[in-house]
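Trainee: Below is a structure I'd like to ask you about.
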Amino acid sequence: MDATDKGEIHIAGVNKVFGQGASAFHALTGIDLTIATGEFFTLLGPSGCGKTTLLRVIAGFEQPTSGSLRINGAEMAGLGPNRRPVNTVFQSYALFPHMTVAQNIGFGLKMLGKSRSEIEATTSDMLRLVRMEALAERRPSEISGGQQQRVALARALAPRPRVLLLDEPLSALDLKLRKEMQSELKRLQTETGITFVFVTHDQEEALTMSDRIAVMSAGRILQLGAPTDIYNAPVNRFVADFIGETNFLVLPVAQTGGAVARLTLPGGNCAEARLPEGMTPVTGTTVTAVIRPEQAAIVAPETGDLTARVESAVFFGTDTHLHLTLADGQPFVLRRQNRPDQQPPEPGAMLGLSLASGALRVLED
Amino acid sequence: MAEKSYSVRRIPGFGAVAVFTFAMLYLPIVILVLFSFNAGPSQSVWEGFSLHWYEAAFQNRQVRDVSIRSLWLAATAASIATVLATLAALGTTRGGRFPGQTIIYALINQPLMVPEIVTGIALLIFVAAIKVQTGYTGMGYLVMAHTAFCIPFAYLPIRARLETLDAALESAAADLYASPVQAFVHITLPLLVPGIVAGFMLGFVISLDTVVITEFVKSAGQDTLPTYMLGQLRRTVTPEMNAIATLFLALSLLIVTAFFLVTRTRGR
């Protein structure tokens with residue numbers, strides 16, 4: 001076993017092309033990925049980025065055009081979905097409408113040829129795990145969407161797969177239920193120790209639940225890392241824009257040295273910005289720098305790094321978004337935690353902004 | 001209310017047209033049923049209630065023979081047609097797209113478009129040629145002709161049912177370790193039953209009803225109920241025909257009701 005054999009899922013050089021010739025569509029391009037045992041791994045991206053195709057390749061519903069996929073060390077090429085140690089929670093749940101909740105949950109074990117007593121024992125375990133004991137004899141059409149979601153989960157977990165694949169399983173639920181299911185999923189994953197591969201377009205869901213995230217766009221993985229890495233150190237404009245909210249500032253380079261550059265801010269002050277690896281911009285050229293809206297603080301005018309004029313204030317409950325204009329006309333959004341003793345500044349007011357140290361980052365364009 | 005002003009019911013004469021249409025559709029049938037209970041031999045003068053003509057129909061050996069032949073033929077043809085239509089529906093909805101798919105659709109449904117008389121004459125010539133070559137004159141020709149005619153009627157409800165089935169259900173079965181055969185037996189087939197039953201019943205009724213094709217294809221002594229009745233009507237019309245037609249009607253109603261109940265309870 002070489003080092004790459006460690007980990008539950010090992011994907012190397014996977015490409016997937018639909019169609020041929022001029023109309024060919026490259027759904028996946030050069031995917032290399034190792035997912036560790038017991039990891040909560042998320043594929044995140046906008047619709048059409050290839051995340052669901054990658055999930056279907058892992059599940060066996062699609063065969064990759066080239067590349068290799070190993071699960072627990074075994075090559076999966078040519079194996080159908082019924083011969084892989086993975087189970088899927090489908091976006092539409094795909095519960096069998098002519099079977100009861102209990103029959104749905106027991107279906108995988110029945111197909112595996114398990115004994116009746118084992119099926120019954122596991123089914124009742126699973127019903128307890130997802131707290132659905134009382135509804136075991138109902139049909140899927142007789143239970144709510146949230147309950148269907150739990151049944152779909154229980155059905156996929158019942159055969160005790162090595163890997164559970166989840167295709168946007170929460171997208172059909174309302175906000176409150178979604179939050180509830182998020183912690184439920186996290187609890188199930190911790191309790192069962194099964195590797196979860198989770199597909200979503202919801203960046204908040206990805207940030208709160210995942211051990212690691214792969215951000216995808218146009219069939220490629222743009223960035224792979226822990227939620228804090230992805231949020232704090234986006235590798236390019238797409239990731240910075242897709243994850244959370246970001247201010248993009250075009251700024252001239254005053255000085256470079258090592259991993260940082262000094263940039264001239266609107267108004268004349270300078271600030272240090274971290275550079276991406278291997279990038280050394282020429283002094284005098286402009287670069288794009290990013291800073292998150294919560295990483296700047298309001299100070300007295302003329303005392304901070306920046307001076308800004310207030311255009312509007314939008315109340316969000318926990319915080320207020322201030323839409324500002326900097327000295328050179330560039331827009332800047334600032335997020336401030338609400339406190340009962342604070343009034344939002346009036347439009348037209350001038351503020352000083354102090355940037356948190358290390359908050360400013362230069363992007364590769 | 002605003003929506004009421006667009007209601008078709010407010011168009012002048014709506015009620016009269018509706019009553020006239022229903023009368024045209026059902027009055028002749030009501031009269032037919034009524035006179036099947038007439039004590040006398042007339043179709044227009046009521047002479048009192050009697051089950052005499054039903055008795056006559058049941059005692060008529062020929063009527064019994066042709067009825068049994070009709071039912072047997074309809075059951076056989078509809079069964080074969082349903083199996084073939086199910087396979088065709090699976091092939092056209094689950095086999096992925098293939099070249100010529102639209103043409104295949106058209107070809108399966110073609111018997112619905114071609115005038116029956118054309119099919120009848122074509123079959124007559126075709127069957128005659130085979131008869132000469134092989135000397136076989138059994139029921140096989142009628143079974144074949146009726147099966148071919150029933151396929152599109154059986155195909156349509158089965159395909160409609162398949163198209164409303166979420167393909168993710170079959171994916172889910174495969175994901176839960178079902179082989180393609182197991183997925184079909186445990187998931188697709190049970191969910192397809194309402195469509196299959198509907199297809200069979202439609203085929204059965206259509207076969208029972210067909211006159212033109214049977215007339216052209218049958219050999220001597222292969223009269224079905226409709227062709228027998230047509231033959232009888234050329235002579236004298238007695239209420240015995242009314243009685244037979246009424247029984248026929250009752251059978252159709254029974255099938256339609258069963259069809260409605262099956263699709264309603266299993267369709268959920």
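Identifiers in this document derive from the order of the structure tokens: chains are assigned A, B, ..., residues are numbered from 1 separately in each chain, and ligands are numbered from 1 in order of occurrence.
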Report the closest atom pair, with its distance in Å rounded to one decimal, for each residue of chain B that has an atom no farther than 9 Å from chain A; count only C-alpha atoms, sort by chain and then rising residue number, and write it as CSV.

Mentor:
```
residue,atom,partner,partner_atom,distance
B:Asp166,CA,A:Ala94,CA,7.4
B:Ala167,CA,A:Ala94,CA,8.6
B:Ala168,CA,A:Ala94,CA,5.7
B:Leu169,CA,A:Ala94,CA,5.1
B:Glu170,CA,A:Ala94,CA,8.6
B:Ser171,CA,A:Phe61,CA,7.6
B:Ala172,CA,A:Ala94,CA,6.5
B:Ala173,CA,A:Gly108,CA,7.8
B:Ala174,CA,A:Asn82,CA,4.8
B:Asp175,CA,A:Pro81,CA,5.1
B:Leu176,CA,A:Gly108,CA,4.4
B:Tyr177,CA,A:Asn82,CA,3.8
B:Ala178,CA,A:Met111,CA,5.5
B:Ser179,CA,A:Asn82,CA,6.4
B:Pro180,CA,A:Asn82,CA,8.8
B:Gln182,CA,A:Met111,CA,8.0
B:Ile187,CA,A:Phe96,CA,7.2
B:Pro190,CA,A:His98,CA,7.6
B:Leu191,CA,A:His98,CA,7.0
B:Arg266,CA,A:His98,CA,8.7
B:Arg268,CA,A:Pro97,CA,8.0
```

Trainee: Now that the selection is made, can you save its residues with N, CA and C atoms as a short mmCIF file (atom, residue, chain, number, x, y, z; two decimals), in the first residue's frame?

Mentor:
```
data_model
loop_
_atom_site.label_atom_id
_atom_site.label_comp_id
_atom_site.auth_asym_id
_atom_site.auth_seq_id
_atom_site.Cartn_x
_atom_site.Cartn_y
_atom_site.Cartn_z
N ASP B 166 -40.82 8.24 -11.00
CA ASP B 166 -39.53 8.89 -10.80
C ASP B 166 -38.42 7.88 -11.09
N ALA B 167 -37.58 8.20 -12.10
CA ALA B 167 -36.49 7.28 -12.44
C ALA B 167 -35.51 7.12 -11.27
N ALA B 168 -35.53 8.10 -10.35
CA ALA B 168 -34.65 8.01 -9.18
C ALA B 168 -35.01 6.80 -8.31
N LEU B 169 -36.27 6.32 -8.41
CA LEU B 169 -36.65 5.15 -7.63
C LEU B 169 -35.83 3.94 -8.05
N GLU B 170 -35.62 3.78 -9.35
CA GLU B 170 -34.82 2.66 -9.84
C GLU B 170 -33.35 2.86 -9.47
N SER B 171 -32.89 4.12 -9.52
CA SER B 171 -31.52 4.40 -9.07
C SER B 171 -31.37 4.05 -7.60
N ALA B 172 -32.39 4.41 -6.80
CA ALA B 172 -32.32 4.14 -5.37
C ALA B 172 -32.26 2.63 -5.12
N ALA B 173 -33.04 1.88 -5.89
CA ALA B 173 -33.02 0.42 -5.74
C ALA B 173 -31.63 -0.13 -6.06
N ALA B 174 -31.04 0.37 -7.15
CA ALA B 174 -29.70 -0.08 -7.53
C ALA B 174 -28.69 0.29 -6.45
N ASP B 175 -28.85 1.51 -5.91
CA ASP B 175 -27.96 1.97 -4.86
C ASP B 175 -28.07 1.09 -3.62
N LEU B 176 -29.26 0.52 -3.41
CA LEU B 176 -29.49 -0.35 -2.24
C LEU B 176 -29.28 -1.81 -2.63
N TYR B 177 -28.36 -2.05 -3.54
CA TYR B 177 -27.85 -3.39 -3.86
C TYR B 177 -28.80 -4.28 -4.65
N ALA B 178 -29.86 -3.69 -5.26
CA ALA B 178 -30.73 -4.50 -6.10
C ALA B 178 -30.09 -4.65 -7.48
N SER B 179 -30.08 -5.90 -8.01
CA SER B 179 -29.64 -6.10 -9.39
C SER B 179 -30.72 -5.52 -10.30
N PRO B 180 -30.41 -5.32 -11.59
CA PRO B 180 -31.44 -4.77 -12.48
C PRO B 180 -32.74 -5.59 -12.45
N GLN B 182 -33.87 -7.51 -9.93
CA GLN B 182 -34.53 -7.27 -8.63
C GLN B 182 -35.21 -5.90 -8.59
N ILE B 187 -39.54 -2.95 -7.57
CA ILE B 187 -39.89 -1.52 -7.64
C ILE B 187 -40.73 -1.20 -8.88
N PRO B 190 -44.29 -3.48 -9.50
CA PRO B 190 -45.43 -3.18 -8.62
C PRO B 190 -46.01 -1.79 -8.86
N LEU B 191 -45.13 -0.83 -9.17
CA LEU B 191 -45.62 0.53 -9.39
C LEU B 191 -46.29 0.67 -10.75
N ARG B 266 -54.74 1.99 -6.45
CA ARG B 266 -53.33 1.65 -6.59
C ARG B 266 -52.51 2.81 -7.11
N ARG B 268 -52.11 5.77 -6.02
CA ARG B 268 -51.56 6.73 -5.07
C ARG B 268 -50.05 6.66 -4.98
#
```

Trainee: Which residues of stretch 173-239 of chain B sit at most 12 Å from stretch 33-37 of chain B, using only C-alpha atoms? Give each one's shortest atom pair and distance in Å (one decimal place), in chain and ascending residue order, as a Markdown table.

Mentor:
```
| residue | atom | partner | partner_atom | distance |
| --- | --- | --- | --- | --- |
| B:Val237 | CA | B:Ser36 | CA | 11.5 |
| B:Thr238 | CA | B:Ser36 | CA | 8.9 |
| B:Pro239 | CA | B:Ser36 | CA | 5.1 |
```

Trainee: Only N, CA and C atoms, please: the residues just picked out, written as a PDB file, in the first residue's frame.

Mentor:
```
ATOM      1  N   VAL B 237     -85.061  -8.496 -36.736  1.00  0.00           N
ATOM      2  CA  VAL B 237     -84.538  -7.952 -35.492  1.00  0.00           C
ATOM      3  C   VAL B 237     -85.511  -8.278 -34.375  1.00  0.00           C
ATOM      4  N   THR B 238     -85.095  -9.156 -33.453  1.00  0.00           N
ATOM      5  CA  THR B 238     -85.936  -9.444 -32.294  1.00  0.00           C
ATOM      6  C   THR B 238     -85.256  -8.860 -31.067  1.00  0.00           C
ATOM      7  N   PRO B 239     -86.014  -8.654 -29.999  1.00  0.00           N
ATOM      8  CA  PRO B 239     -85.404  -8.140 -28.766  1.00  0.00           C
ATOM      9  C   PRO B 239     -84.359  -9.082 -28.189  1.00  0.00           C
TER      10      PRO B 239
END
```

Trainee: What is the distance between atom CA of B:Ser79 and atom CA of B:Pro157, in Å to one decimal?

Mentor: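 Those two atoms sit 14.7 Å apart.
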
Trainee: Quick one: DSSP helix (DSSP H, G or I) residues in stretch 68-306 of chain A, as a ChimeraX atom specification?

Mentor: /A:81-83,101-111,116-129,133-135,140-142,145-157,175-192,203-209,227-232,237-242,293-295

Trainee: My list of candidates is B:Phe260, B:Phe204, B:Tyr105, B:Phe20. Which is closest to B:Ala88 when distances are computed with only C-alpha atoms?

Mentor: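 Residue with the minimum atom-to-atom distance to B:Ala88: B:Tyr105.
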
Trainee: Pick the closest to A:Phe242 from A:Gly45, A:Pro64, A:Gly73, A:Gly38: which is it, counting only C-alpha atoms?

Mentor: A:Gly45
